[in-house]
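Here is the structure we will look at.
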Amino acid sequence: MSDMDNTSPAPEGTGAPSPTSKMARRRARELALQGVYQWLLSGNSATTVQRHLESETENLDKIDRELFVSLLRGATGAADELRGCFEPLLSRPVAELSPIEHAILLLGAHELRHNIETPYRVVINEAIELAKGYGGTDGHKFVNGVLDKLAARLRPEEVEAARAKRG
């Protein structure tokens with residue numbers, strides 16, 4: 001795992017997680033999922049969605065805000081390009097995806113393409129956890145399959161190295 005996904009101790013005496021801790025990054029992904037979901041359903045701009053989420057979220061200091069903004073803006077700003085990456089890997093049209101699956105795939109595709117410092121397995125595992133927490137019964141299996149294939153396309157060297165290591 002990269003340093004960015006390792007748990008960092010909370011600053012002395014605060015009791016709050018460091019903004020770069022694993023928990024802060026997970027919360028950032030959850031908030032980004034909420035934002036992409038809202039964006040898909042409302043048609044509002046990413047800026048409007050971001051402002052709304054930041055004004056409504058308690059303990060905003062406990063999330064990795066930089067990651068949240070990056071994921072939200074990246075996934076919404078390049079949605080068509082990202083769909084083009086994962087659409088050929090789908091067993092059904094994008095229009096038939098649940099909004100949660102759609103949002104998770106946009107976030108996962110963005111993170112696989114642009115957050116190279118985060119290992120692909122971390123990206124996929126985090127997407128699976130989001131799908132388990134917010135998606136349908138077997139949505140996590142679908143998300144796992146699509147992102148696993150996408151990782152092999154976007155990060156072939158990293159995926160091959162991991163497979164070789166496993167034997």
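A note on labels: chains of the structure tokens are A, B, ... as shown, every chain counts residues from 1, and ligands are counted from 1 in their shown order.
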
Write out, as a tab-separated table, each residue of range 89-117 of chain A that has an atom at most 12 Å from range 156-159 of chain A, together with the closest pair of atoms and their distance in Å to one decimal, counting only C-alpha atoms, rows going by chain and rising number.
residue	atom	partner	partner_atom	distance
A:Leu112	CA	A:Glu158	CA	11.1
A:Arg113	CA	A:Pro156	CA	11.7
A:Ile116	CA	A:Glu158	CA	9.9
A:Glu117	CA	A:Glu158	CA	11.2

Restrict the calculation to only C-alpha atoms, then for each residue of range 73-151 of chain A with any atom at most 9 Å from an atom of range 36-41 of chain A give the closest atom pair and their distance in Å to one decimal, rows by chain and rising residue number, as a tab-separated table.
residue	atom	partner	partner_atom	distance
A:Arg73	CA	A:Val36	CA	8.8
A:Ala75	CA	A:Val36	CA	7.3
A:Thr76	CA	A:Val36	CA	6.6
A:Pro99	CA	A:Tyr37	CA	6.2
A:Ile100	CA	A:Tyr37	CA	6.3
A:His102	CA	A:Tyr37	CA	8.1
A:Ala103	CA	A:Val36	CA	5.6
A:Ile104	CA	A:Val36	CA	8.3
A:Leu106	CA	A:Val36	CA	8.2
A:Leu107	CA	A:Val36	CA	8.0

Counting only C-alpha atoms, which of A:Ala28, A:Leu147, A:Leu154, A:Met23 gets nearest to Leu89 in chain A?
A:Leu147

Point out the residue among A:Leu60, A:Ala109, A:Leu71, A:Ile128 with the least atom-to-atom distance to Lys149 in chain A, counting only C-alpha atoms.
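Selected residue with least distance to Lys149 in chain A: A:Ala109.
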
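Each of A:Gly145, A:Ser45, A:Gln50, A:Leu72 was compared to Ala32 in chain A using only C-alpha atoms, and A:Leu72 turns out to be the nearest.
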
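Going from CA of Gln34 in chain A to CA of Glu81 in chain A covers 20.4 Å.
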
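Shortest atom-to-atom contact with Glu160 in chain A among A:Arg27, A:Glu56, A:Lys141, A:Tyr120: A:Tyr120, counting only C-alpha atoms.
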
Could you state the separation of CA of Val143 in chain A and CA of Ile124 in chain A in Å, given to one decimal place?
8.2 Å

Select from chain A everything DSSP, run on the backbone, classes as alpha helix (DSSP H), then give the selection as an MDAnalysis selection string.
chainID A and resid 22:42 46:56 65:77 79:86 99:114 120:134 139:154 156:166
